[in-house]
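*Asks:* One structure follows; several queries about it will come next.
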Amino acid sequence: MDEFLLAELRKLKKACARRDIAALKDFGEEVAEKAFIDDNPQLLNVVVVAYAVAKFLEKPYIVNTPAWAKTLKELQEHVDECIRSVKDGEEEECFELLGGMVGHLEKFSSQASRFRSTVVEKAKIKAATQVYAHGASLSTAAAFAKVEKEDLAAYIGATKLPEKYETISVKERLKA
């Protein structure tokens, strides 16, 4: 049984139940690092689901619809199924469920959104940013999260990521 995955799924369940936007948005850092270190891009789907739900919860025109209530209920049921799968040592089943959740949220987003890019696309870029922040190259982070490198670069360039994470200069890296 994957204790880390189980703990993260429980956090996701709790944050969704409380509709805790801040907790859902902050979800990614530790999970993205673990996904990158373990070379497990499927784990990023936990981050994508959390961030997408947070973004939907910020939009009253979405959360006040019957379609959102149904989507959130189904999502919570899938998270419960994921928890059961992990407890039974069936992590692959959990990852399939997570992939299905991402697909469902993508479809919901494209139907409900007023914008060109979907909430899930933005969530994937956010997840890729976390992978990048933990040491992956821009190309690796983009491939890992299945996003366009140009979109990721534009997002990172617009953030304060370099200020958040202290790095050494290229010159110092070459000496090491």
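Just so we're on the same page: first chain in the structure tokens is A, next is B, and so on; residues restart at 1 for each chain, and ligands are numbered from 1 in the order they show up.
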List the neighbours of Asp2 in chain A out to 9 Å using only C-alpha atoms; skip same-chain residues closer than 4 positions along the sequence, and give me the result as a ChimeraX atom specification.
*Replies:* /A:6-7,86-87,89,91
*Asks:* Write to file, as a JSON list (two decimals), in the first residue's frame, the residues of the selection just made, with all heavy atoms.
*Replies:*
[["chain", "number", "residue", "atom", "x", "y", "z"],
["A", 6, "LEU", "N", -2.10, 7.42, -0.38],
["A", 6, "LEU", "CA", -3.29, 7.33, 0.47],
["A", 6, "LEU", "C", -3.49, 8.61, 1.28],
["A", 6, "LEU", "O", -4.61, 9.14, 1.34],
["A", 6, "LEU", "CB", -3.16, 6.11, 1.40],
["A", 6, "LEU", "CG", -4.36, 5.80, 2.28],
["A", 6, "LEU", "CD1", -5.60, 5.52, 1.43],
["A", 6, "LEU", "CD2", -4.06, 4.61, 3.19],
["A", 7, "ALA", "N", -2.42, 9.13, 1.85],
["A", 7, "ALA", "CA", -2.51, 10.37, 2.65],
["A", 7, "ALA", "C", -2.95, 11.54, 1.77],
["A", 7, "ALA", "O", -3.80, 12.36, 2.17],
["A", 7, "ALA", "CB", -1.18, 10.67, 3.32],
["A", 86, "VAL", "N", -6.20, 1.98, -3.26],
["A", 86, "VAL", "CA", -4.86, 2.08, -2.67],
["A", 86, "VAL", "C", -4.76, 1.21, -1.42],
["A", 86, "VAL", "O", -3.76, 0.51, -1.22],
["A", 86, "VAL", "CB", -4.48, 3.55, -2.37],
["A", 86, "VAL", "CG1", -3.18, 3.64, -1.60],
["A", 86, "VAL", "CG2", -4.40, 4.35, -3.67],
["A", 87, "LYS", "N", -5.80, 1.22, -0.59],
["A", 87, "LYS", "CA", -5.81, 0.38, 0.60],
["A", 87, "LYS", "C", -5.68, -1.10, 0.23],
["A", 87, "LYS", "O", -5.08, -1.87, 0.97],
["A", 87, "LYS", "CB", -7.10, 0.58, 1.41],
["A", 87, "LYS", "CG", -7.13, 1.84, 2.21],
["A", 87, "LYS", "CD", -8.43, 1.93, 2.98],
["A", 87, "LYS", "CE", -8.53, 3.16, 3.83],
["A", 87, "LYS", "NZ", -9.83, 3.25, 4.51],
["A", 89, "GLY", "N", -4.02, -2.17, -2.25],
["A", 89, "GLY", "CA", -2.77, -2.36, -2.98],
["A", 89, "GLY", "C", -2.92, -2.28, -4.49],
["A", 89, "GLY", "O", -2.07, -2.74, -5.23],
["A", 91, "GLU", "N", -2.82, 0.32, -6.77],
["A", 91, "GLU", "CA", -2.51, 1.69, -7.15],
["A", 91, "GLU", "C", -2.81, 1.97, -8.62],
["A", 91, "GLU", "O", -3.27, 3.06, -8.96],
["A", 91, "GLU", "CB", -1.04, 2.03, -6.84],
["A", 91, "GLU", "CG", -0.74, 2.26, -5.38],
["A", 91, "GLU", "CD", -0.54, 0.98, -4.57],
["A", 91, "GLU", "OE1", -0.43, -0.12, -5.19],
["A", 91, "GLU", "OE2", -0.51, 1.06, -3.34]]
*Asks:* Do a neighbour search on range 126-130 of chain A at 9 Å with only C-alpha atoms, toss out local chain neighbours closer than 2 positions, and write the hits as an NGL selection string.
*Replies:* :A and (28-33 or 44-45 or 47-48 or 51 or 121-124 or 132-134 or 138 or 140-147 or 152-153 or 155-156 or 161)
*Asks:* For the selection you just gave me, I'd like the residues written to a file as a CSV table (one decimal), in the first residue's frame, keeping N, CA, C and O atoms.
*Replies:*
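Saved the output as part.csv:
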chain,number,residue,atom,x,y,z
A,28,GLY,N,-0.4,21.0,-4.7
A,28,GLY,CA,0.6,20.4,-5.7
A,28,GLY,C,2.0,20.3,-5.3
A,28,GLY,O,2.7,19.4,-5.8
A,29,GLU,N,2.5,21.1,-4.5
A,29,GLU,CA,4.0,21.2,-4.3
A,29,GLU,C,4.6,19.8,-3.9
A,29,GLU,O,5.5,19.3,-4.6
A,30,GLU,N,4.1,19.2,-2.9
A,30,GLU,CA,4.7,18.0,-2.4
A,30,GLU,C,4.4,16.8,-3.3
A,30,GLU,O,5.3,16.0,-3.6
A,31,VAL,N,3.2,16.8,-3.9
A,31,VAL,CA,2.9,15.7,-4.8
A,31,VAL,C,3.7,15.8,-6.1
A,31,VAL,O,4.1,14.8,-6.6
A,32,ALA,N,3.8,17.0,-6.6
A,32,ALA,CA,4.6,17.1,-7.8
A,32,ALA,C,6.1,16.7,-7.6
A,32,ALA,O,6.7,16.1,-8.5
A,33,GLU,N,6.6,17.1,-6.5
A,33,GLU,CA,8.0,16.7,-6.2
A,33,GLU,C,8.1,15.2,-6.1
A,33,GLU,O,9.0,14.6,-6.7
A,44,LEU,N,0.7,13.1,-10.9
A,44,LEU,CA,0.3,14.5,-11.2
A,44,LEU,C,-1.2,14.7,-11.3
A,44,LEU,O,-1.7,15.8,-11.1
A,45,ASN,N,-1.9,13.6,-11.7
A,45,ASN,CA,-3.3,13.8,-11.8
A,45,ASN,C,-4.0,14.2,-10.5
A,45,ASN,O,-5.1,14.8,-10.5
A,47,VAL,N,-2.8,16.3,-8.4
A,47,VAL,CA,-2.6,17.8,-8.4
A,47,VAL,C,-3.6,18.5,-9.4
A,47,VAL,O,-4.2,19.5,-9.1
A,48,VAL,N,-3.7,17.9,-10.6
A,48,VAL,CA,-4.6,18.4,-11.6
A,48,VAL,C,-6.0,18.5,-11.1
A,48,VAL,O,-6.7,19.5,-11.2
A,51,TYR,N,-6.3,21.2,-8.2
A,51,TYR,CA,-6.3,22.6,-8.7
A,51,TYR,C,-7.5,22.9,-9.6
A,51,TYR,O,-8.1,24.0,-9.5
A,121,GLU,N,-6.5,22.3,-18.5
A,121,GLU,CA,-5.2,22.7,-19.1
A,121,GLU,C,-4.4,23.6,-18.2
A,121,GLU,O,-3.2,23.5,-18.1
A,122,LYS,N,-5.1,24.6,-17.6
A,122,LYS,CA,-4.4,25.5,-16.6
A,122,LYS,C,-3.8,24.7,-15.4
A,122,LYS,O,-2.7,24.9,-14.9
A,123,ALA,N,-4.6,23.7,-15.0
A,123,ALA,CA,-4.2,22.9,-13.8
A,123,ALA,C,-2.9,22.1,-14.2
A,123,ALA,O,-2.0,21.9,-13.4
A,124,LYS,N,-2.9,21.6,-15.4
A,124,LYS,CA,-1.7,20.8,-15.9
A,124,LYS,C,-0.5,21.7,-15.9
A,124,LYS,O,0.6,21.3,-15.6
A,132,TYR,N,8.9,21.6,-12.5
A,132,TYR,CA,10.0,22.5,-12.9
A,132,TYR,C,10.6,23.1,-11.6
A,132,TYR,O,11.9,23.2,-11.5
A,133,ALA,N,9.8,23.5,-10.7
A,133,ALA,CA,10.4,24.2,-9.4
A,133,ALA,C,11.2,23.2,-8.6
A,133,ALA,O,12.1,23.6,-7.9
A,134,HIS,N,11.0,21.9,-8.8
A,134,HIS,CA,11.7,20.9,-8.1
A,134,HIS,C,12.9,20.3,-8.9
A,134,HIS,O,13.5,19.3,-8.5
A,138,LEU,N,12.7,22.7,-18.3
A,138,LEU,CA,11.5,23.1,-18.8
A,138,LEU,C,10.9,22.1,-19.8
A,138,LEU,O,9.7,21.7,-19.6
A,140,THR,N,11.5,18.8,-19.8
A,140,THR,CA,11.1,17.6,-19.0
A,140,THR,C,9.8,17.9,-18.3
A,140,THR,O,8.9,17.0,-18.3
A,141,ALA,N,9.7,19.0,-17.6
A,141,ALA,CA,8.4,19.4,-16.9
A,141,ALA,C,7.2,19.4,-17.8
A,141,ALA,O,6.2,18.9,-17.5
A,142,ALA,N,7.4,20.0,-19.0
A,142,ALA,CA,6.3,20.1,-19.9
A,142,ALA,C,5.9,18.7,-20.4
A,142,ALA,O,4.7,18.4,-20.5
A,143,ALA,N,6.9,17.8,-20.8
A,143,ALA,CA,6.6,16.5,-21.2
A,143,ALA,C,6.0,15.7,-20.1
A,143,ALA,O,5.0,14.9,-20.3
A,144,PHE,N,6.5,15.8,-18.9
A,144,PHE,CA,6.0,15.1,-17.7
A,144,PHE,C,4.5,15.4,-17.5
A,144,PHE,O,3.7,14.4,-17.2
A,145,ALA,N,4.1,16.6,-17.6
A,145,ALA,CA,2.7,17.0,-17.4
A,145,ALA,C,1.8,17.0,-18.6
A,145,ALA,O,0.7,17.4,-18.6
A,146,LYS,N,2.5,16.7,-19.8
A,146,LYS,CA,1.8,16.7,-21.1
A,146,LYS,C,1.2,18.1,-21.4
A,146,LYS,O,0.0,18.2,-21.7
A,147,VAL,N,2.0,19.1,-21.3
A,147,VAL,CA,1.6,20.5,-21.7
A,147,VAL,C,2.6,21.0,-22.7
A,147,VAL,O,3.7,20.5,-22.9
A,152,LEU,N,4.1,26.5,-20.8
A,152,LEU,CA,4.7,26.5,-19.5
A,152,LEU,C,5.7,27.6,-19.3
A,152,LEU,O,5.7,28.2,-18.3
A,153,ALA,N,6.5,27.9,-20.3
A,153,ALA,CA,7.5,29.0,-20.2
A,153,ALA,C,6.8,30.3,-20.0
A,153,ALA,O,7.2,31.1,-19.2
A,155,TYR,N,3.9,30.8,-18.6
A,155,TYR,CA,3.3,30.8,-17.3
A,155,TYR,C,4.4,31.1,-16.2
A,155,TYR,O,4.3,31.9,-15.4
A,156,ILE,N,5.5,30.3,-16.3
A,156,ILE,CA,6.6,30.5,-15.4
A,156,ILE,C,7.2,31.9,-15.4
A,156,ILE,O,7.5,32.5,-14.4
A,161,LEU,N,8.1,32.6,-9.5
A,161,LEU,CA,8.8,31.4,-9.1
A,161,LEU,C,10.2,31.5,-8.8
A,161,LEU,O,10.7,31.0,-7.8
*Asks:* Would you give me, as a Markdown table, each residue of range 107-136 of chain A having an atom within 9 Å of an atom of range 55-79 of chain A, along with its shortest atom pair and that distance in Å to one decimal, using only C-alpha atoms and sorting by chain and residue number?
*Replies:*
| residue | atom | partner | partner_atom | distance |
| --- | --- | --- | --- | --- |
| A:Phe108 | CA | A:Thr71 | CA | 8.0 |
| A:Ser109 | CA | A:Phe56 | CA | 8.5 |
| A:Ala112 | CA | A:Ile62 | CA | 7.0 |
| A:Ser113 | CA | A:Ile62 | CA | 8.3 |
| A:Val119 | CA | A:Lys55 | CA | 6.9 |
| A:Ala123 | CA | A:Lys55 | CA | 8.6 |
*Asks:* Nearest residue to Asp38 in chain A out of A:Val131, A:Val120, A:Ile125, A:Ala17, using only C-alpha atoms?
*Replies:*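 The answer is A:Val131, which sits nearest to Asp38 in chain A.
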*Asks:* For Leu97 in chain A, work out the shell of residues within 7 Å, counting only C-alpha atoms and skipping chain neighbours fewer than 3 positions away, then give it as a ChimeraX atom specification.
*Replies:* /A:78,82,93-94,100-101
*Asks:* Could you write those residues out with N, CA and C atoms, as a PDB file, in the first residue's frame?
*Replies:*
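Dumped to again_39.pdb:
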ATOM      1  N   HIS A  78     -15.416   9.024  -6.784  1.00  0.00           N
ATOM      2  CA  HIS A  78     -14.204   8.470  -7.405  1.00  0.00           C
ATOM      3  C   HIS A  78     -13.005   8.554  -6.454  1.00  0.00           C
ATOM      4  N   CYS A  82     -10.747   5.543  -5.201  1.00  0.00           N
ATOM      5  CA  CYS A  82      -9.274   5.577  -5.246  1.00  0.00           C
ATOM      6  C   CYS A  82      -8.689   5.175  -3.896  1.00  0.00           C
ATOM      7  N   GLU A  93      -5.194   0.801 -10.434  1.00  0.00           N
ATOM      8  CA  GLU A  93      -6.631   1.073 -10.551  1.00  0.00           C
ATOM      9  C   GLU A  93      -6.933   2.506 -10.123  1.00  0.00           C
ATOM     10  N   CYS A  94      -6.273   2.935  -9.068  1.00  0.00           N
ATOM     11  CA  CYS A  94      -6.437   4.309  -8.593  1.00  0.00           C
ATOM     12  C   CYS A  94      -5.995   5.301  -9.664  1.00  0.00           C
ATOM     13  N   GLY A 100      -9.436   9.154 -15.323  1.00  0.00           N
ATOM     14  CA  GLY A 100     -10.839   9.334 -15.688  1.00  0.00           C
ATOM     15  C   GLY A 100     -11.422  10.616 -15.113  1.00  0.00           C
ATOM     16  N   MET A 101     -11.032  10.937 -13.878  1.00  0.00           N
ATOM     17  CA  MET A 101     -11.500  12.184 -13.258  1.00  0.00           C
ATOM     18  C   MET A 101     -11.005  13.392 -14.037  1.00  0.00           C
TER      19      MET A 101
END
*Asks:* Nearest residue to Lys149 in chain A out of A:Glu96, A:Arg84, A:Arg19, A:Ser137, using only C-alpha atoms?
*Replies:*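 Answer, going by the shortest atom-to-atom distance: A:Ser137.
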*Asks:* Return as a ChimeraX atom specification the full set of residues in range 9-127 of chain A whose backbone-based DSSP assignment is alpha helix (DSSP H).
*Replies:* /A:9-18,21-25,28-37,44-57,60-63,66-87,91-112,119-127
*Asks:* Between CA of Gln42 in chain A and CA of Phe27 in chain A, what is the spacing in Å?
*Replies:* 15.4 Å
